[in-house]
Amino acid sequence: MSEQVKFTIDGKACKTQKGTNLVEAAKENGIYIPVLCHLEGIKPAGSCRICNVKVNGRFMTACTTEVSDGMVIENITPEIQELRKIIVETLFVSGNHFCPACEKSGNCELQALGYRYQMMVPRFPYEFEEKEVDATSQKFYIDRNRCVLCKRCVRSVKTKDGKSIFAILGRGHQAVINIDHELANQLSDEEAQEVMNTCPVGSILKKERGYVDPIGSRKYDNKPIGSEIEQITNL
Amino acid sequence: MSKPIVATTSLAGCFGCHMSLLDIDDRILQLIDLVDFNKSPVDDIKEFTEMCDIGLIEGGCCNSENVHVLKDFRKNCKVLVSVGECAIMGGLPALRNNIPIKECLEEAYLNGPSTKNANPERIMPNNEELPIILDKVYPCHEIVKIDYYLPGCPPRADLIWNALIALVTGDELKLPYEVVKFD
Amino acid sequence: MNSQVQIAVEKYGKDASRLMDMFHHLMHEKGFVDDEDLNQMAEALDISKVDAEQTLSYYHFFNKKSRGKFSIYLNNSLVSQMMGRAEIAEAFEKATATEFGKVSADGMFGLFNTSCIGMNDQEPAAIINGVVFPKITTYRVRELIREFRAGKTAPEMINSYGGGQNQSSLVQAMVTNNLNRRGSVIFADYTPGEALKKLPNMKSRDIIEEVKNSNLRGRGGAGFPVGLKWDFCTKSPSEDRYLLCNADEGEPGTFKDRVILTETPHLLFEGMIIAGYAIGAKEGILYLRLEYEYLEKLLESVLDNFRKKGLLGKNVLGIEGFNFDIRIQFGAGAYVCGEESALIESCEGKRGEPRNRPPFPVQVGYLNKPTVVNNVETLCSVVKIILNGAEWYKSMGTKESSGTKLLSISGDVKYPGVFEIEWGMTIHEMLEMSGAMHPKAVQVGGPSGRLIAENEFERTICYEDLPTGGAMIVLGQNRNILEVALNFTEFFIEESCGSCAPCRYLTVILRNKLKKIMDGKGVAKDIDDLVHWGQQMKKANRCGLGQTAANPILTSIENFKQDYMTKIEKGKEFDTKFNLEAAIQESSRAVGRFPQTY
Ligand SMILES: Cc1cc2nc3c(=O)[nH]c(=O)nc-3n(C[C@H](O)[C@H](O)[C@H](O)COP(=O)(O)O)c2cc1C
Ligand code: SF4
Ligand code: SF4
Ligand code: SF4
Ligand code: FES
């Protein structure tokens, strides 16, 4: 049996198994730490930085940090919430997010974070930098203008013999997702749907699918992201 | 005390936001009790006749006339509200922002399916009377100072209603989760 | 299979972790690595093509298309700019009839910008086909291009040798050392091999203790206690350990490691052997930035000599079971690869993206084994500590900063170059020492450090007051502080690995806002925004690059707010960059209409 550890989040006493990462440890204790790049079950990337919390007074990304005994974690403070809001707004202007024309709208995690942090408008100017849309693959297309470079696809989508189908191309603000079309075309329909579900935003979309859920019944239409873990109280 | 005065306009928008305003249904009667309208398509007043309290802007700026009207609103309204995605971030018209303007115009007037054979002289409208298209569609707050934003495409009627009431009465603005949406 | 791909792949044992070396091989042979090469490599290495390409596309000096028979990389660091880069760039463009970022129509010349190449004391400088051309004048530009056209090669255009080893037959570079001040540690007289003689009589524990006692701290910038790091490494259970020497020297304004590598490479390799022995490493890797490729022959010959003398290889120095060799790993133009975990990734043939920590490299490092990464200067200092003892070392410097420090001083000074000083010198003294000319500000520690004004010139250079990796850029009275902040911010934008959302794009937002102010479109709130947004960078990002990327803006606002305020019209509350005249240009042209506003 693995060891139990005790820690606090915003003063609330919590416990979990040793070795759990902070996002999941918080979840077990009914506390929501926002994530975007993190996906349970795959190696954390620590790239979106949304899950920043303060651990014993220092900023750390919760998804990449294992909880240890006696940790003092701050999650909801004005400083941290402001940082998260700024990250969400940065992501909105770093791409081209025309939600009304996006099939993911209503089920999109970035958009949901925008709602959760009550973004009425990003405080940063839009630059409308254009990135390429690639529809070469048979099963899905990728609109890089919506990609948040969370690397979920890079980390989780592999062929049976472990080769990458997605990888990063370039670096810095010019980095984009690159697809190995040959390998991608070998995916089954179900796998392609899985790939689309992996993407938190409307960057990877399955072809011939379109808008399926009517407005009002989509994932984040009525309930904020995270409300399955914690009722929204104090944003 | 006189009633607060509201002005509205649609720039590069589709009038959907105005429709959504009308979607407040019978509350429109309450609204008319609460405010007077000045320049607005709702009452067809074409020019400002007095200083207004609230200006509601639908649509972003895609041409020189939009810029002119927007600046006119800024001058004549104490509070300006960007209503809807187009006003806030250009919206659908801004999908053209990454296409060179020349290509857009050629597609519209020379090569598009409805103009290809109908414009043998290959004319692109260039009369000096016409407004000029801008290099891209601009969100309103990148041209004048905007005080509030109501997202949505269109913003839910309840959002517009809640916001108007809050502005008029000075009460706290209530934003239930369901009413703030970007689509 | 294309024969060059085959050679490259086989030369490195079909080991995908040597991808960098395979690419270097192809770059040398063909000048590019195209889709066809990538496909074949992927197949031979049993990885997907996109994986191979993600490494390739990460590095500035790798490319898929030819960058011209002559690839000209002109430094665009701040000091290069200060020393007249603009004029040189223009001369290159004119002479080659090409723009920066492009290759001339005949495929002869490619013109590219590049981040600081470690020649700040001899700017403007460029690298052409691997040859460093320092102190370029417009006359020289025209001469070079004329001669290249007439059939000369880049090495044939070397017309002088810099001093010291730069003139040795193994180097033959025009680069000068400008070693303006030798101190008592790194550049003191030394008989090669002296310190190593002590090794057979010392246990690795003794070495770690001696280094711990010396209080030596890392010279790469972060200042982590060296003995402690080694200690941590030996305490991580593992069969294999690695020692990596960080010679990436990418911080704009630093060039001291270059001078060490040129003048006392044996000292560095001795330091690597000592460190390797102390931590029980089986291999050492010198991670060398590609900009210093011209030193390769020299360094390899020193290594060969060491091997001949039994200082590398099996049972080094006759110590039974101490098997240790050193290989050189070239980078390919990525500043962030100087960050230790990114450096490890790069050595493994991947994109040089910093890792999440913990675990730290001393726990999980190169090939997932415990690894120590140390700076060039750090490892050289170790040699002298072992030779002369910790007490001797501690007798120099200040209480918390023992020993000496190499400063790379450049900018508005009469004597730019490398100075070995004892810790504890004031900025004021430093300015006097280097012949500063009407200094207004000093950039301490390069762009990731601090921009300080005269009121801080009495502060002392040491860990307890003004810590620094050694880059000191002096700015004279007439320098434009906002231009400085802009150059540095653009450097960070260029060099961000792109992993963290704020580092990737908030820097771009900050740059655009700064430009808005510089264009006279700023309002007072813009300055507040810069500060507030900039402060998030420190909190939000994974590695030192992103955490310090707003420092140029933040510290310049802190110390030179007036320079910002003068760009702002008093009382103006709102201004965007929007300009109606400019916005209607394009469409007026498209429809053939005289531009006029509504
Ligand atoms: C963006 C970035 C760039 C760095 N570049 C270098 C470098 O070029 N050389 C170096 O020695 N250390 C560099 N460092 C510091 C290294 O991460 C590491 O601390 C150092 O190599 C450890 O050696 P030391 O303890 O001997 O200084 C860099 C750090 C960051 C965050
Ligand atoms: S990806 Fe999300 S945020 Fe972006 S446009 Fe689509 S729904 Fe909106
Ligand atoms: S395509 Fe989707 S899953 Fe892949 S990095 Fe972009 S946002 Fe993430
Ligand atoms: S801070 Fe910047 S350079 Fe460092 S890991 Fe993050 S994105 Fe990469
Ligand atoms: S969720 Fe942790 S960094 Fe993205």
# chains A, B, ... in the order shown; residues from 1 in each chain; ligands from 1
>>> closest_atom_pairs(of="chain B", to="chain C", cutoff="6 Å", atoms="only C-alpha atoms", output="tab-separated table")
residue	atom	partner	partner_atom	distance
B:Ser64	CA	C:Tyr598	CA	5.6
B:Glu65	CA	C:Tyr598	CA	6.0
B:Lys102	CA	C:Ala590	CA	5.3
B:Met124	CA	C:Val591	CA	5.9
B:Asn126	CA	C:Val591	CA	5.9
B:Pro131	CA	C:Tyr598	CA	5.7
B:Leu134	CA	C:Ile584	CA	4.9
B:Asp135	CA	C:Ala583	CA	5.1
B:Glu142	CA	C:Thr576	CA	5.7
B:Ile143	CA	C:Phe578	CA	6.0
>>> write_last_selection(atoms="all heavy atoms", output="mmCIF file, in the first residue's frame")
data_model
loop_
_atom_site.group_PDB
_atom_site.id
_atom_site.type_symbol
_atom_site.label_atom_id
_atom_site.label_comp_id
_atom_site.auth_asym_id
_atom_site.auth_seq_id
_atom_site.Cartn_x
_atom_site.Cartn_y
_atom_site.Cartn_z
ATOM 1 N N SER B 64 -14.075 52.874 -44.153
ATOM 2 C CA SER B 64 -13.849 54.207 -43.604
ATOM 3 C C SER B 64 -15.129 54.797 -43.003
ATOM 4 O O SER B 64 -15.085 55.573 -42.055
ATOM 5 C CB SER B 64 -13.292 55.139 -44.686
ATOM 6 O OG SER B 64 -14.145 55.102 -45.821
ATOM 7 N N GLU B 65 -16.281 54.402 -43.538
ATOM 8 C CA GLU B 65 -17.525 54.937 -42.996
ATOM 9 C C GLU B 65 -17.771 54.404 -41.589
ATOM 10 O O GLU B 65 -18.203 55.132 -40.707
ATOM 11 C CB GLU B 65 -18.699 54.585 -43.916
ATOM 12 C CG GLU B 65 -19.953 55.393 -43.571
ATOM 13 C CD GLU B 65 -21.161 54.520 -43.339
ATOM 14 O OE1 GLU B 65 -21.039 53.282 -43.432
ATOM 15 O OE2 GLU B 65 -22.233 55.075 -43.041
ATOM 16 N N LYS B 102 -6.800 42.903 -52.220
ATOM 17 C CA LYS B 102 -6.997 42.852 -53.672
ATOM 18 C C LYS B 102 -7.700 41.550 -54.067
ATOM 19 O O LYS B 102 -8.627 41.547 -54.878
ATOM 20 C CB LYS B 102 -5.631 42.959 -54.366
ATOM 21 C CG LYS B 102 -5.670 43.171 -55.844
ATOM 22 C CD LYS B 102 -4.409 43.900 -56.325
ATOM 23 C CE LYS B 102 -4.468 44.183 -57.821
ATOM 24 N NZ LYS B 102 -4.044 43.027 -58.614
ATOM 25 N N MET B 124 -14.251 47.521 -60.724
ATOM 26 C CA MET B 124 -14.331 47.438 -59.270
ATOM 27 C C MET B 124 -14.799 48.812 -58.804
ATOM 28 O O MET B 124 -14.233 49.823 -59.200
ATOM 29 C CB MET B 124 -12.971 47.111 -58.678
ATOM 30 C CG MET B 124 -12.549 45.696 -59.013
ATOM 31 S SD MET B 124 -11.617 44.966 -57.691
ATOM 32 C CE MET B 124 -9.962 45.181 -58.287
ATOM 33 N N ASN B 126 -15.202 52.228 -57.535
ATOM 34 C CA ASN B 126 -14.171 53.127 -57.013
ATOM 35 C C ASN B 126 -14.645 54.569 -57.014
ATOM 36 O O ASN B 126 -13.854 55.485 -57.041
ATOM 37 C CB ASN B 126 -12.872 52.967 -57.806
ATOM 38 C CG ASN B 126 -13.052 53.337 -59.263
ATOM 39 O OD1 ASN B 126 -14.160 53.678 -59.689
ATOM 40 N ND2 ASN B 126 -11.973 53.263 -60.031
ATOM 41 N N PRO B 131 -17.494 54.617 -49.396
ATOM 42 C CA PRO B 131 -16.505 54.386 -48.331
ATOM 43 C C PRO B 131 -15.398 53.469 -48.843
ATOM 44 O O PRO B 131 -15.634 52.673 -49.761
ATOM 45 C CB PRO B 131 -17.301 53.675 -47.236
ATOM 46 C CG PRO B 131 -18.736 53.843 -47.579
ATOM 47 C CD PRO B 131 -18.810 54.055 -49.054
ATOM 48 N N LEU B 134 -11.101 48.989 -45.440
ATOM 49 C CA LEU B 134 -9.844 49.038 -44.670
ATOM 50 C C LEU B 134 -9.015 47.785 -44.942
ATOM 51 O O LEU B 134 -9.534 46.778 -45.428
ATOM 52 C CB LEU B 134 -10.133 49.135 -43.172
ATOM 53 C CG LEU B 134 -11.063 50.258 -42.717
ATOM 54 C CD1 LEU B 134 -11.213 50.221 -41.191
ATOM 55 C CD2 LEU B 134 -10.537 51.619 -43.158
ATOM 56 N N ASP B 135 -7.744 47.859 -44.577
ATOM 57 C CA ASP B 135 -6.860 46.716 -44.835
ATOM 58 C C ASP B 135 -7.300 45.469 -44.088
ATOM 59 O O ASP B 135 -7.048 44.351 -44.506
ATOM 60 C CB ASP B 135 -5.401 47.064 -44.501
ATOM 61 C CG ASP B 135 -5.233 47.580 -43.082
ATOM 62 O OD1 ASP B 135 -6.248 47.883 -42.422
ATOM 63 O OD2 ASP B 135 -4.082 47.686 -42.625
ATOM 64 N N GLU B 142 -10.108 48.930 -30.923
ATOM 65 C CA GLU B 142 -8.806 49.275 -31.484
ATOM 66 C C GLU B 142 -8.893 50.570 -32.274
ATOM 67 O O GLU B 142 -7.929 50.997 -32.906
ATOM 68 C CB GLU B 142 -8.253 48.102 -32.308
ATOM 69 C CG GLU B 142 -7.829 46.988 -31.345
ATOM 70 C CD GLU B 142 -7.232 45.745 -32.013
ATOM 71 O OE1 GLU B 142 -6.813 45.837 -33.174
ATOM 72 O OE2 GLU B 142 -7.195 44.707 -31.329
ATOM 73 N N ILE B 143 -10.066 51.215 -32.234
ATOM 74 C CA ILE B 143 -10.232 52.496 -32.920
ATOM 75 C C ILE B 143 -10.625 53.600 -31.949
ATOM 76 O O ILE B 143 -10.031 54.677 -31.948
ATOM 77 C CB ILE B 143 -11.251 52.342 -34.074
ATOM 78 C CG1 ILE B 143 -10.644 51.339 -35.065
ATOM 79 C CG2 ILE B 143 -11.546 53.696 -34.707
ATOM 80 C CD1 ILE B 143 -11.273 51.268 -36.387
#
>>> residues_around(residues="Gly227 (chain C)", least_positions_apart="6", cutoff="6 Å", atoms="only C-alpha atoms", output="PyMOL selection string")
chain C and resi 208+211-212
>>> residues_near_ligand(ligand="ligand 5", cutoff="8 Å", atoms="only C-alpha atoms and all ligand atoms", output="list in words")
Pro34, Val35, Leu36, Cys37, His38, Leu39, Pro44, Ala45, Gly46, Ser47, Cys48, Arg49, Ile50, Cys51, Asn52, Thr61, Ala62, Cys63, Thr64 and Cys150 of chain A; Cys500 of chain C
>>> residues_near_ligand(ligand="ligand 4", cutoff="8 Å", atoms="only C-alpha atoms and all ligand atoms", output="PyMOL selection string")
(chain A and resi 47+172) or (chain C and resi 336+353-355+495-504+541-547)
>>> write_last_selection(atoms="C-alpha atoms", output="PDB file, in the first residue's frame")
ATOM      1  CA  SER A  47       3.230  23.926 -21.324  1.00  0.00           C
ATOM      2  CA  GLY A 172       8.844  30.035 -30.419  1.00  0.00           C
TER       3      GLY A 172
ATOM      4  CA  VAL C 336      17.850  28.161 -24.783  1.00  0.00           C
ATOM      5  CA  GLU C 353      13.266  22.365 -24.874  1.00  0.00           C
ATOM      6  CA  PRO C 354      13.882  22.748 -21.153  1.00  0.00           C
ATOM      7  CA  ARG C 355      12.412  19.965 -19.080  1.00  0.00           C
ATOM      8  CA  GLU C 495      14.928  32.297 -28.917  1.00  0.00           C
ATOM      9  CA  SER C 496      11.901  31.090 -26.955  1.00  0.00           C
ATOM     10  CA  CYS C 497      11.434  27.375 -27.410  1.00  0.00           C
ATOM     11  CA  GLY C 498       7.709  27.995 -27.605  1.00  0.00           C
ATOM     12  CA  SER C 499       6.632  25.491 -25.045  1.00  0.00           C
ATOM     13  CA  CYS C 500       5.110  27.798 -22.432  1.00  0.00           C
ATOM     14  CA  ALA C 501       2.179  29.870 -23.601  1.00  0.00           C
ATOM     15  CA  PRO C 502       3.281  33.110 -21.890  1.00  0.00           C
ATOM     16  CA  CYS C 503       6.893  32.883 -23.042  1.00  0.00           C
ATOM     17  CA  ARG C 504       5.747  32.066 -26.541  1.00  0.00           C
ATOM     18  CA  ASN C 541       7.186  30.304 -17.230  1.00  0.00           C
ATOM     19  CA  ARG C 542       9.113  27.103 -16.916  1.00  0.00           C
ATOM     20  CA  CYS C 543      12.692  28.153 -17.447  1.00  0.00           C
ATOM     21  CA  GLY C 544      14.992  31.085 -16.981  1.00  0.00           C
ATOM     22  CA  LEU C 545      14.457  32.349 -20.490  1.00  0.00           C
ATOM     23  CA  GLY C 546      10.771  33.016 -20.096  1.00  0.00           C
ATOM     24  CA  GLN C 547      11.131  34.055 -16.489  1.00  0.00           C
TER      25      GLN C 547
END
>>> interface_residues(of="chain A", to="chain B", cutoff="12 Å", atoms="only C-alpha atoms", output="PyMOL selection string")
chain A and resi 92-93+96-108+110-132+145+214-225+227+232-233+235
>>> interface_residues(of="chain A", to="chain C", cutoff="6 Å", atoms="only C-alpha atoms", output="PyMOL selection string")
chain A and resi 47-48+59+163-164+167-173+180
